[in-house]
There are 2 protein chains.
Amino acid sequence: MTGRLAVIGLGPGDVRYLTPEADAELAAAQSLYGYGPYLDRAPARASQSRHASDNREEAARAAAALREAAAGARVAVVSGGDPGVFAMASAVCEEIESGPDSWRSLDVVVVPGVTAMLAVAAKIGAPLGHDFCALSLSDNLKPWEVIERRLDAAAGAGFVIALYNPISRSRPWQFGAAIDRLRRHLPASTPVVFGRAVGRGDEHVDVVTLDRAGATEADMATLVIVGSPATRVIRREGRAPLVYTPRTSVEVSA
Amino acid sequence: MTGRLAVIGLGPGDVRYLTPEADAELAAAQSLYGYGPYLDRAPARASQSRHASDNREEAARAAAALREAAAGARVAVVSGGDPGVFAMASAVCEEIESGPDSWRSLDVVVVPGVTAMLAVAAKIGAPLGHDFCALSLSDNLKPWEVIERRLDAAAGAGFVIALYNPISRSRPWQFGAAIDRLRRHLPASTPVVFGRAVGRGDEHVDVVTLDRAGATEADMATLVIVGSPATRVIRREGRAPLVYTPRTSVEVSA
């Protein structure tokens, strides 16, 4: 069997973030699978077939890519950011585990990328400069009670919290509920960073305090970072503030 | 003032992981600062001055780079992986906050990179495929009791845990103590991934179960990922196993 499946992270936004390894894997693929807007970011190459699908069809996309690789093709599945963070690498592994035995003998590689929280953090300073966690607010695949428990645990122990998938048309109230939950643990002055479309032409990064953070500031393209009690804001005249978490952060909630 | 300070993430290991943005910032710098082995990774360029320092001298290095930028130079500070994750971006922000007012008006940019946990995860599948946290085991800058509390909170709430700085010559017992602590919360069968020197010629990735994880497998160049109760291992004949955390992970400790 000569097929190969590469699960490739494109990084956020444009090709400034595309690693040489990811570029080489894209170039070697005969067939690309992915959510349409991500496929559009992969440099165009003749003789490659492209299979766009909706962003909710991850399992079906992974299975289709595995079938083509098992038939001998060099196949790539693309993700924005890093494919291992709330993205396609897990979906591919799920399909391999539940699929035909032959899929286990396939050559499968995962190519890492710059995930959204790192790009947003870089734009504003170093809010992830100390212990932090990454949490998806989507309750499509887990109960809301589990998300609440994780918010409580992370905020109570002094982790900075990166929130992926904060809101969508079908999940309108979850982000507001998460912020309310975090207010139980964190000071009103805690910095909250909203990073929208970072790495793209329409990128926008905003910093507010937890008592003023509202659901209207987030959409599907937003990554939110909620500071810990140790996170600090440096005001700068004529420049955007810097938000960072010191390397010595020891504060935890009572 | 025309100076500029770029804090640049090189990614793990070799230039396969160096983003075009990071490469461009390196090329534009007149002066590079960093831990020696990281500086050695930056492509050589004539007429650039290089200032290597020990990996414990982060504050002094940041201050020296800021002084040169404030004098009008284009300066780069390099980090392995991502500069915002247990690396130089926080040290630079700390110095800006405590330094002279003129440092606040400097043009400071942070260039993100692929951090170690993403590279290790990619090598073995998708262990960070669901909610996870990143925790430094170094108690040089925070009390051990804070680390224990964060281990308890993260493991108890079902987060996968990436452990940075697991061990060093001056911190010989901390990793073993952390593993013992995690055994209170997690099943003996929980997968533990040791990723050493990922992205370099001598890279090595190993998977064991939590009951067999030992401090002898970690060193200063190792990043450890401890699964959640939901993390799975796919055995493959003739190939390394795949370790992944399903997108539907809802298990938390009792």
# chains A, B, ... in the order shown; residues from 1 in each chain; ligands from 1
$ closest_atom_pairs --of "chain B" --to "chain A" --cutoff "7 Å" --atoms "only C-alpha atoms" --output "tab-separated table"
residue	atom	partner	partner_atom	distance
B:Arg16	CA	A:Glu21	CA	4.9
B:Tyr17	CA	A:Thr19	CA	5.2
B:Leu18	CA	A:Thr19	CA	5.9
B:Thr19	CA	A:Thr19	CA	4.7
B:Pro20	CA	A:Arg16	CA	5.1
B:Glu21	CA	A:Arg16	CA	4.9
B:Gly84	CA	A:Ala126	CA	5.1
B:Val85	CA	A:Gly129	CA	5.2
B:Phe86	CA	A:Gly129	CA	5.5
B:Ala89	CA	A:Ala126	CA	5.7
B:Ser90	CA	A:Gly129	CA	5.4
B:Cys93	CA	A:Tyr244	CA	6.7
B:Glu94	CA	A:Pro246	CA	6.7
B:Glu97	CA	A:Ile234	CA	6.4
B:Arg104	CA	A:Arg236	CA	5.6
B:Ser105	CA	A:Arg236	CA	6.5
B:Val110	CA	A:Ala122	CA	4.9
B:Val111	CA	A:Ala122	CA	6.2
B:Pro112	CA	A:Ala119	CA	5.8
B:Gly113	CA	A:Val114	CA	5.9
B:Val114	CA	A:Val114	CA	5.2
B:Leu118	CA	A:Pro112	CA	6.1
B:Ala119	CA	A:Pro112	CA	5.8
B:Ala122	CA	A:Val110	CA	4.9
B:Lys123	CA	A:Val110	CA	6.6
B:Gly125	CA	A:Val110	CA	6.7
B:Ala126	CA	A:Gly84	CA	5.1
B:Leu128	CA	A:Val85	CA	6.0
B:Gly129	CA	A:Val85	CA	5.2
B:His130	CA	A:Phe86	CA	6.0
B:Asp131	CA	A:Leu135	CA	4.8
B:Phe132	CA	A:Ala134	CA	5.5
B:Cys133	CA	A:Cys133	CA	3.7
B:Ala134	CA	A:Phe132	CA	5.5
B:Leu135	CA	A:Asp131	CA	4.8
B:Ser136	CA	A:Asp131	CA	6.5
B:Leu141	CA	A:Thr248	CA	4.9
B:Lys142	CA	A:Val250	CA	5.7
B:Val146	CA	A:Val250	CA	6.5
B:Arg149	CA	A:Ala157	CA	6.5
B:Arg150	CA	A:Ala157	CA	5.4
B:Ala153	CA	A:Ala153	CA	5.2
B:Ala154	CA	A:Ala153	CA	6.8
B:Ala157	CA	A:Arg150	CA	5.5
B:Ile234	CA	A:Glu97	CA	6.4
B:Arg236	CA	A:Arg104	CA	5.6
B:Glu237	CA	A:Ser105	CA	6.8
B:Tyr244	CA	A:Ser90	CA	6.2
B:Thr245	CA	A:Ser90	CA	6.6
B:Pro246	CA	A:Ser90	CA	5.8
B:Arg247	CA	A:Ser90	CA	6.5
B:Thr248	CA	A:Leu141	CA	4.9
B:Ser249	CA	A:Lys142	CA	6.8
B:Val250	CA	A:Lys142	CA	5.7
$ write_last_selection --atoms "N, CA and C atoms" --output "compact mmCIF listing (two decimals), in the first residue's frame"
# COMPACT_ATOMS: atom_id res chain seq x y z
N ARG B 16 12.15 23.49 9.05
CA ARG B 16 10.85 23.02 8.55
C ARG B 16 9.68 23.72 9.24
N TYR B 17 9.91 24.15 10.49
CA TYR B 17 8.84 24.74 11.28
C TYR B 17 8.90 26.27 11.33
N LEU B 18 9.88 26.86 10.67
CA LEU B 18 10.06 28.31 10.73
C LEU B 18 9.08 28.98 9.76
N THR B 19 8.19 29.82 10.27
CA THR B 19 7.20 30.44 9.38
C THR B 19 7.85 31.52 8.52
N PRO B 20 7.25 31.84 7.37
CA PRO B 20 7.77 32.93 6.54
C PRO B 20 7.83 34.25 7.31
N GLU B 21 6.86 34.50 8.17
CA GLU B 21 6.87 35.75 8.95
C GLU B 21 8.09 35.79 9.87
N GLY B 84 5.50 33.08 23.21
CA GLY B 84 4.50 33.44 24.20
C GLY B 84 4.19 32.33 25.19
N VAL B 85 4.78 31.15 24.99
CA VAL B 85 4.50 30.00 25.86
C VAL B 85 5.75 29.69 26.68
N PHE B 86 5.76 30.07 27.94
CA PHE B 86 6.90 29.85 28.84
C PHE B 86 8.21 30.27 28.18
N ALA B 89 8.53 36.26 25.44
CA ALA B 89 7.59 37.38 25.28
C ALA B 89 7.16 37.95 26.65
N SER B 90 6.92 37.07 27.62
CA SER B 90 6.58 37.57 28.96
C SER B 90 7.74 38.31 29.60
N CYS B 93 7.83 41.76 28.21
CA CYS B 93 6.75 42.59 28.77
C CYS B 93 7.05 43.00 30.20
N GLU B 94 7.59 42.08 30.99
CA GLU B 94 7.95 42.42 32.38
C GLU B 94 8.95 43.58 32.41
N GLU B 97 7.29 46.89 31.44
CA GLU B 97 6.46 47.46 32.51
C GLU B 97 7.30 48.11 33.60
N ARG B 104 8.00 52.06 26.52
CA ARG B 104 6.59 51.85 26.19
C ARG B 104 6.23 52.39 24.81
N SER B 105 7.04 53.28 24.30
CA SER B 105 6.71 53.81 22.97
C SER B 105 7.41 53.04 21.86
N VAL B 110 5.39 40.50 18.44
CA VAL B 110 5.63 39.11 18.81
C VAL B 110 5.24 38.24 17.61
N VAL B 111 6.13 37.37 17.19
CA VAL B 111 5.90 36.51 16.03
C VAL B 111 5.68 35.09 16.52
N PRO B 112 4.47 34.57 16.37
CA PRO B 112 4.18 33.25 16.96
C PRO B 112 4.89 32.12 16.21
N GLY B 113 4.98 30.98 16.88
CA GLY B 113 5.59 29.80 16.29
C GLY B 113 4.89 28.55 16.76
N VAL B 114 5.30 27.41 16.22
CA VAL B 114 4.73 26.13 16.64
C VAL B 114 5.36 25.76 17.98
N LEU B 118 2.43 21.19 20.46
CA LEU B 118 1.77 20.94 19.18
C LEU B 118 2.61 20.00 18.32
N ALA B 119 3.93 20.19 18.36
CA ALA B 119 4.81 19.33 17.56
C ALA B 119 4.83 17.90 18.10
N ALA B 122 1.50 16.23 17.26
CA ALA B 122 1.41 15.87 15.85
C ALA B 122 2.19 14.59 15.55
N LYS B 123 3.30 14.38 16.24
CA LYS B 123 4.13 13.19 15.98
C LYS B 123 3.43 11.90 16.35
N GLY B 125 -0.22 11.61 16.85
CA GLY B 125 -1.64 11.56 16.54
C GLY B 125 -2.32 12.86 16.91
N ALA B 126 -3.20 12.82 17.90
CA ALA B 126 -3.93 14.03 18.30
C ALA B 126 -4.30 13.98 19.78
N LEU B 128 -3.99 16.21 21.97
CA LEU B 128 -4.57 17.48 22.40
C LEU B 128 -5.87 17.78 21.64
N GLY B 129 -6.52 16.73 21.15
CA GLY B 129 -7.69 16.91 20.30
C GLY B 129 -8.92 17.41 21.02
N HIS B 130 -8.85 17.46 22.35
CA HIS B 130 -9.96 18.03 23.10
C HIS B 130 -9.39 18.95 24.17
N ASP B 131 -10.23 19.44 25.07
CA ASP B 131 -9.80 20.44 26.07
C ASP B 131 -8.49 20.02 26.75
N PHE B 132 -7.56 20.97 26.85
CA PHE B 132 -6.24 20.63 27.40
C PHE B 132 -5.65 21.85 28.10
N CYS B 133 -4.62 21.60 28.88
CA CYS B 133 -3.91 22.73 29.48
C CYS B 133 -2.41 22.54 29.35
N ALA B 134 -1.69 23.63 29.51
CA ALA B 134 -0.23 23.65 29.45
C ALA B 134 0.27 24.19 30.78
N LEU B 135 1.16 23.42 31.41
CA LEU B 135 1.59 23.72 32.77
C LEU B 135 3.11 23.55 32.84
N SER B 136 3.80 24.56 33.36
CA SER B 136 5.23 24.42 33.58
C SER B 136 5.48 23.79 34.94
N LEU B 141 9.92 29.81 39.78
CA LEU B 141 9.19 31.08 39.80
C LEU B 141 7.80 30.98 40.43
N LYS B 142 7.44 29.81 40.91
CA LYS B 142 6.15 29.69 41.64
C LYS B 142 6.30 28.56 42.65
N VAL B 146 1.33 25.55 44.34
CA VAL B 146 0.50 26.06 43.24
C VAL B 146 0.46 25.05 42.09
N ARG B 149 -1.84 22.22 43.02
CA ARG B 149 -3.25 22.60 42.92
C ARG B 149 -3.70 22.62 41.46
N ARG B 150 -2.83 23.08 40.58
CA ARG B 150 -3.20 23.12 39.15
C ARG B 150 -3.27 21.71 38.56
N ALA B 153 -6.60 20.32 39.72
CA ALA B 153 -7.74 20.94 39.03
C ALA B 153 -7.85 20.43 37.59
N ALA B 154 -6.72 20.36 36.90
CA ALA B 154 -6.74 19.98 35.48
C ALA B 154 -7.12 18.51 35.31
N ALA B 157 -10.82 17.69 36.27
CA ALA B 157 -11.85 18.22 35.38
C ALA B 157 -11.78 17.62 33.97
N ILE B 234 -4.48 3.77 19.54
CA ILE B 234 -4.76 2.85 18.43
C ILE B 234 -3.47 2.09 18.12
N ARG B 236 -1.09 -0.28 15.97
CA ARG B 236 -0.98 -0.52 14.52
C ARG B 236 0.19 -1.44 14.24
N GLU B 237 -0.06 -2.49 13.51
CA GLU B 237 1.00 -3.45 13.20
C GLU B 237 2.08 -2.80 12.32
N TYR B 244 -4.84 9.61 20.68
CA TYR B 244 -5.70 10.76 20.39
C TYR B 244 -6.79 10.91 21.44
N THR B 245 -7.29 12.12 21.55
CA THR B 245 -8.41 12.39 22.44
C THR B 245 -9.61 12.75 21.56
N PRO B 246 -10.68 11.97 21.67
CA PRO B 246 -11.83 12.20 20.79
C PRO B 246 -12.46 13.57 21.01
N ARG B 247 -13.12 14.04 19.98
CA ARG B 247 -13.79 15.34 20.05
C ARG B 247 -14.96 15.32 21.02
N THR B 248 -15.38 14.14 21.40
CA THR B 248 -16.57 13.99 22.27
C THR B 248 -16.19 13.74 23.73
N SER B 249 -14.97 14.05 24.12
CA SER B 249 -14.49 13.70 25.46
C SER B 249 -15.31 14.37 26.56
N VAL B 250 -16.01 13.60 27.34
CA VAL B 250 -16.82 14.19 28.39
C VAL B 250 -16.47 13.63 29.77
$ closest_residue --among "B:Ala29, B:Val75, B:Val208, B:Ala60" --to "Ala46 (chain B)" --atoms "only C-alpha atoms"
B:Ala29
$ select_by_dssp --residues "region 80-186 of chain A" --states "helix (DSSP H, G or I)" --output "VMD selection string"
chain A and resid 88 to 98 101 to 105 116 to 124 144 to 156 174 to 183
$ residues_around --residues "Gly3 (chain A)" --least-positions-apart "5" --cutoff "8 Å" --atoms "only C-alpha atoms" --output "number ranges by chain"
A: 68-75, 106-107
$ write_last_selection --atoms "N, CA and C atoms" --output "tab-separated table (two decimals), in the first residue's frame"
chain	number	residue	atom	x	y	z
A	68	GLU	N	-9.61	7.31	0.02
A	68	GLU	CA	-8.79	7.60	-1.16
A	68	GLU	C	-7.33	7.25	-0.90
A	69	ALA	N	-6.85	7.53	0.32
A	69	ALA	CA	-5.46	7.17	0.65
A	69	ALA	C	-5.28	5.65	0.63
A	70	ALA	N	-6.28	4.92	1.14
A	70	ALA	CA	-6.19	3.46	1.18
A	70	ALA	C	-6.17	2.88	-0.23
A	71	ALA	N	-6.71	3.62	-1.18
A	71	ALA	CA	-6.69	3.17	-2.57
A	71	ALA	C	-5.37	3.51	-3.25
A	72	GLY	N	-4.44	4.15	-2.49
A	72	GLY	CA	-3.10	4.37	-3.03
A	72	GLY	C	-2.71	5.81	-3.32
A	73	ALA	N	-3.62	6.75	-3.07
A	73	ALA	CA	-3.32	8.15	-3.40
A	73	ALA	C	-2.59	8.86	-2.26
A	74	ARG	N	-1.91	9.94	-2.63
A	74	ARG	CA	-1.36	10.87	-1.63
A	74	ARG	C	-2.41	11.92	-1.36
A	75	VAL	N	-2.94	11.93	-0.15
A	75	VAL	CA	-4.09	12.75	0.19
A	75	VAL	C	-3.73	13.70	1.32
A	106	LEU	N	-2.06	2.45	7.07
A	106	LEU	CA	-1.75	3.62	6.24
A	106	LEU	C	-0.65	4.48	6.85
A	107	ASP	N	0.10	5.12	5.96
A	107	ASP	CA	1.08	6.13	6.38
A	107	ASP	C	0.30	7.43	6.68
$ closest_residue --among "B:Val205, B:Pro229, B:Gly214, B:Arg171" --to "Ala188 (chain B)" --atoms "only C-alpha atoms"
B:Pro229
$ residues_around --residues "Asn55 (chain A)" --least-positions-apart "4" --cutoff "9 Å" --atoms "only C-alpha atoms" --output "list in words"
Gly34, Tyr35 and Gly36 of chain A
$ residues_around --residues "Asp40 (chain A)" --least-positions-apart "5" --cutoff "12 Å" --atoms "only C-alpha atoms" --output "ChimeraX atom specification"
/A:10,13-15,32-35,45,50-53,78-80
$ write_last_selection --atoms "C-alpha atoms" --output "short mmCIF file (atom, residue, chain, number, x, y, z; two decimals), in the first residue's frame"
data_model
loop_
_atom_site.label_atom_id
_atom_site.label_comp_id
_atom_site.auth_asym_id
_atom_site.auth_seq_id
_atom_site.Cartn_x
_atom_site.Cartn_y
_atom_site.Cartn_z
CA LEU A 10 -2.27 25.97 7.67
CA GLY A 13 -4.95 33.48 8.02
CA ASP A 14 -2.50 33.95 5.21
CA VAL A 15 0.67 32.22 4.08
CA LEU A 32 -7.00 17.89 -0.90
CA TYR A 33 -9.93 17.68 1.50
CA GLY A 34 -11.19 20.39 3.82
CA TYR A 35 -13.67 23.05 4.79
CA ARG A 45 -1.61 23.73 -8.02
CA ARG A 50 -10.07 19.47 -4.27
CA HIS A 51 -12.95 18.26 -2.14
CA ALA A 52 -14.62 21.01 -0.14
CA SER A 53 -17.16 20.20 2.55
CA VAL A 78 -6.31 20.71 5.70
CA SER A 79 -7.19 22.55 8.91
CA GLY A 80 -6.89 26.18 9.82
#
$ residues_around --residues "Trp173 (chain B)" --least-positions-apart "4" --cutoff "12 Å" --atoms "only C-alpha atoms" --output "list in words"
Leu137, Ser138, Asp139, Trp144, Pro166, Ile167, Ser168, Arg169, Ala177, Ala178, Ile179, Asp180, Gly214, Ala215, Thr216, Ala218 and Asp219 of chain B
$ write_last_selection --atoms "N, CA and C atoms" --output "PDB file, in the first residue's frame"
ATOM      1  N   LEU B 137       6.335  22.769  34.972  1.00  0.00           N
ATOM      2  CA  LEU B 137       6.651  22.128  36.258  1.00  0.00           C
ATOM      3  C   LEU B 137       7.803  22.813  36.973  1.00  0.00           C
ATOM      4  N   SER B 138       8.288  23.908  36.420  1.00  0.00           N
ATOM      5  CA  SER B 138       9.378  24.599  37.104  1.00  0.00           C
ATOM      6  C   SER B 138       8.861  25.345  38.322  1.00  0.00           C
ATOM      7  N   ASP B 139       9.441  25.043  39.468  1.00  0.00           N
ATOM      8  CA  ASP B 139       9.075  25.786  40.671  1.00  0.00           C
ATOM      9  C   ASP B 139      10.141  26.827  41.018  1.00  0.00           C
ATOM     10  N   TRP B 144       5.718  25.143  44.740  1.00  0.00           N
ATOM     11  CA  TRP B 144       5.283  23.812  44.331  1.00  0.00           C
ATOM     12  C   TRP B 144       3.802  23.577  44.657  1.00  0.00           C
ATOM     13  N   PRO B 166       9.723  19.635  32.432  1.00  0.00           N
ATOM     14  CA  PRO B 166       9.398  18.596  33.411  1.00  0.00           C
ATOM     15  C   PRO B 166      10.515  18.366  34.433  1.00  0.00           C
ATOM     16  N   ILE B 167      11.756  18.585  34.034  1.00  0.00           N
ATOM     17  CA  ILE B 167      12.862  18.190  34.902  1.00  0.00           C
ATOM     18  C   ILE B 167      14.112  18.948  34.493  1.00  0.00           C
ATOM     19  N   SER B 168      15.021  19.136  35.437  1.00  0.00           N
ATOM     20  CA  SER B 168      16.335  19.697  35.125  1.00  0.00           C
ATOM     21  C   SER B 168      17.288  19.263  36.233  1.00  0.00           C
ATOM     22  N   ARG B 169      18.557  19.563  36.065  1.00  0.00           N
ATOM     23  CA  ARG B 169      19.531  19.151  37.069  1.00  0.00           C
ATOM     24  C   ARG B 169      19.186  19.739  38.446  1.00  0.00           C
ATOM     25  N   ALA B 177       7.091  13.659  41.357  1.00  0.00           N
ATOM     26  CA  ALA B 177       6.035  14.088  42.284  1.00  0.00           C
ATOM     27  C   ALA B 177       4.759  14.457  41.528  1.00  0.00           C
ATOM     28  N   ALA B 178       4.912  15.067  40.360  1.00  0.00           N
ATOM     29  CA  ALA B 178       3.737  15.441  39.563  1.00  0.00           C
ATOM     30  C   ALA B 178       3.007  14.188  39.070  1.00  0.00           C
ATOM     31  N   ILE B 179       3.765  13.208  38.611  1.00  0.00           N
ATOM     32  CA  ILE B 179       3.141  11.961  38.142  1.00  0.00           C
ATOM     33  C   ILE B 179       2.409  11.271  39.297  1.00  0.00           C
ATOM     34  N   ASP B 180       3.042  11.215  40.456  1.00  0.00           N
ATOM     35  CA  ASP B 180       2.372  10.635  41.635  1.00  0.00           C
ATOM     36  C   ASP B 180       1.056  11.363  41.922  1.00  0.00           C
ATOM     37  N   GLY B 214       7.883   7.133  34.326  1.00  0.00           N
ATOM     38  CA  GLY B 214       8.917   7.386  35.321  1.00  0.00           C
ATOM     39  C   GLY B 214       9.783   8.569  34.941  1.00  0.00           C
ATOM     40  N   ALA B 215      10.404   9.141  35.948  1.00  0.00           N
ATOM     41  CA  ALA B 215      11.197  10.342  35.729  1.00  0.00           C
ATOM     42  C   ALA B 215      12.402  10.092  34.835  1.00  0.00           C
ATOM     43  N   THR B 216      12.854   8.835  34.728  1.00  0.00           N
ATOM     44  CA  THR B 216      14.042   8.570  33.915  1.00  0.00           C
ATOM     45  C   THR B 216      13.792   8.823  32.434  1.00  0.00           C
ATOM     46  N   ALA B 218      12.334  11.457  31.144  1.00  0.00           N
ATOM     47  CA  ALA B 218      12.258  12.880  30.811  1.00  0.00           C
ATOM     48  C   ALA B 218      13.601  13.559  31.048  1.00  0.00           C
ATOM     49  N   ASP B 219      13.899  14.546  30.224  1.00  0.00           N
ATOM     50  CA  ASP B 219      15.044  15.420  30.481  1.00  0.00           C
ATOM     51  C   ASP B 219      14.652  16.836  30.071  1.00  0.00           C
TER      52      ASP B 219
END
$ residues_around --residues "Phe194 (chain A)" --least-positions-apart "6" --cutoff "8 Å" --atoms "only C-alpha atoms" --output "PyMOL selection string"
chain A and resi 204-207+217-218+222-225
$ closest_residue --among "B:Gln174, B:Thr231, B:Ser47, B:Thr190" --to "Ser31 (chain B)" --atoms "only C-alpha atoms"
B:Ser47
$ atom_distance --atom1 "CA of Gln48 (chain B)" --atom2 "CA of Ala27 (chain B)"
9.0 Å
$ atom_distance --atom1 "CA of Leu66 (chain B)" --atom2 "CA of Tyr38 (chain B)"
18.8 Å
$ atom_distance --atom1 "CA of Ala197 (chain B)" --atom2 "CA of Gln30 (chain B)"
29.1 Å
